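In what follows, a structure is listed as structure tokens, so that the remarks can point back to it.
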Amino acid sequence: MTHGHSDCQSLMSELENFEFLVGLVIWQDILSSINKDNKKLQSKIVSIDATLKHIQGVISYFEKHRDEGFISSMEITKNIASELDIESIFSTKRQRKRKKHFDEQDNQDEEMQQSAMDTLRREYFLIMIDHAIASLNSRFEQMTLFDNIFGFLFNLENFKSLDEVDLWAHCKVFVDKFSHDNSSNVEINDFFQELKVLQVALPDSMMSTPEILKFVMDADCYPNVLVAYRILLTVASAETSFSKLKLLKNYLRSTMSQERLNGLAMCTIKRDILDTIDVNIVLDDFASRNARRSIFV
């Protein structure tokens, strides 16, 4: 009991630390901006053009935040600390006192606080912001490449508005990308003709990419388009899977077993299916199997 009480006291002292509050505020600014980007990418109907503009806007925000954000974070933290009755000072190591001249001011505490704040900005704030900018730039480059290849198939409104010249140019880029040794997954002339028919056949209502694929499969007369949409959704699905794995298996969870990782990844990737399952039925089935095993033992 005494050990648990001391652990609680130790945890409380860490939580009531001004430096800890600064870290929370910095993370809040970063994650709230990234969260908007993630929600936009996870929506069922995504406009790649709008998503690219949004990512570029978030990058610009972080570049500005890199220069101005630390000061604003400090001001917000001081207000929070005041409300929580926490002293707005950084914990610093004791310094050896040196002998001062009679006309020298004693401002050692202020210098130590400024040094601690500069260290936090340099070794924590700037590193986190630079990492966020690098990650967003990487995502922007990936999305740009994805848009160059699949963009004309991804957005129904843009696809239906393409003229024959633009449509042929997109078909050529797609076929060249998935060609090897003069062999391609789709035949370019048939692909072009099928897409021209599909532009007219598709309804004007907004449709997600899986819904367009279902329409093509039900029609059963667009073999090359069917291959193209299957490639598109395979690439998108793989991107989602690896993104989820990156969230689950990072350096903080490096000791996770492979079996547990596979289970969590499957639950996360197939969350739409998981939401339809009655957890109570699964628990009852698991409990009954363990009960039968105990009887035999």
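Letters A, B, ... mark the chains of the structure tokens in the order given; residue numbers begin at 1 per chain; ligand numbers begin at 1, in order shown.
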
Tyr124 (chain A) surroundings by only C-alpha atoms, 9 Å radius, close-in-sequence under 5 positions cut, as a list in words: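 The neighbour list is Gly23, Thr119 and Ile129 of chain A.
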
Test item: residues at most 12 Å from Ser72 (chain A), only C-alpha atoms, excluding those fewer than 4 positions along its chain, as a count of residues only: 12

Region 192-194 of chain A surroundings by only C-alpha atoms, 7 Å radius, close-in-sequence under 4 positions cut, as number ranges by chain: A: 168, 171, 188, 198, 222, 225

Interatomic distance, CA of Val227 (chain A) to CA of Phe215 (chain A) (Å, one decimal): 13.4 Å

Those of region 18-246 of chain A in DSSP helix (DSSP H, G or I), formatted as a PyMOL selection string: chain A and resi 18-42+48-83+108-154+156-161+164-177+188-201+209-219+223-246

Neighbour list for Thr144 (chain A) as a list in words, cut-off 9 Å, only C-alpha atoms, skip fewer than 3 positions in-chain: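 The filter keeps Ile48, Asp49, Leu52, Arg139, Phe140, Glu141, Asp147, Asn148 and Ile149 of chain A.
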
Please write the residues from the selection above to a file, keeping N, CA and C atoms, as a compact mmCIF listing (two decimals), in the first residue's frame.
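Just written: out17.txt:
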```
# COMPACT_ATOMS: atom_id res chain seq x y z
N ILE A 48 -8.48 14.00 -54.50
CA ILE A 48 -7.02 14.05 -54.34
C ILE A 48 -6.53 15.49 -54.48
N ASP A 49 -7.11 16.25 -55.40
CA ASP A 49 -6.70 17.65 -55.58
C ASP A 49 -6.90 18.45 -54.30
N LEU A 52 -4.40 17.30 -51.60
CA LEU A 52 -3.06 17.84 -51.82
C LEU A 52 -2.98 19.30 -51.37
N ARG A 139 4.39 12.52 -47.38
CA ARG A 139 3.01 12.18 -47.77
C ARG A 139 2.58 12.97 -49.01
N PHE A 140 2.98 14.25 -49.09
CA PHE A 140 2.62 15.08 -50.23
C PHE A 140 3.22 14.52 -51.52
N GLU A 141 4.48 14.08 -51.45
CA GLU A 141 5.14 13.50 -52.63
C GLU A 141 4.46 12.20 -53.05
N ASP A 147 -1.61 10.70 -57.55
CA ASP A 147 -2.53 11.50 -58.36
C ASP A 147 -2.15 11.46 -59.83
N ASN A 148 -0.86 11.49 -60.13
CA ASN A 148 -0.42 11.46 -61.53
C ASN A 148 -0.82 10.16 -62.23
N ILE A 149 -0.88 9.08 -61.47
CA ILE A 149 -1.20 7.77 -62.06
C ILE A 149 -2.69 7.48 -62.01
```

Near-region 162-167 of chain A list (10 Å; only C-alpha atoms; drop same-chain fewer than 3 positions) as an MDAnalysis selection string: chainID A and resid 152 157:159 170:172 192:193 195:196 199

Polymer residues at most 9 Å from Pro210 (chain A), only C-alpha atoms, same-chain spacing of 4 or more positions, as a PyMOL selection string: chain A and resi 214-215+229+233

Using only C-alpha atoms: which of A:Thr276, A:Ser60, A:Ser161, A:Gln28 has the shortest distance to Ile133 (chain A):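 Looking at the shortest contact to Ile133 (chain A), the residue is A:Ser60.
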
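For the pair CA of Leu156 (chain A) and CA of Ile59 (chain A), the separation is 27.4 Å.
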
Point-to-point distance from CA of Leu232 (chain A) to CA of Glu187 (chain A), Å rounded to tenths: 16.4 Å

Region 23-224 of chain A: residues DSSP assigns to strand (DSSP E), reported as a ChimeraX atom specification: /A:179-180,183-184

May I have the selected residues written with C-alpha atoms, as a CSV table (one decimal), in the first residue's frame?
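After the write, selection-v6.csv holds the following:
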```
chain,number,residue,atom,x,y,z
A,179,SER,CA,4.0,-2.1,-68.6
A,180,HIS,CA,7.0,-4.4,-68.6
A,183,SER,CA,3.6,-6.3,-72.0
A,184,SER,CA,0.9,-4.4,-70.1
```

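The smallest atom-to-atom distance between Ser33 (chain A) and any of A:Phe62, A:Ile71, A:Val175, A:Ala116, using only C-alpha atoms, is found for A:Phe62.
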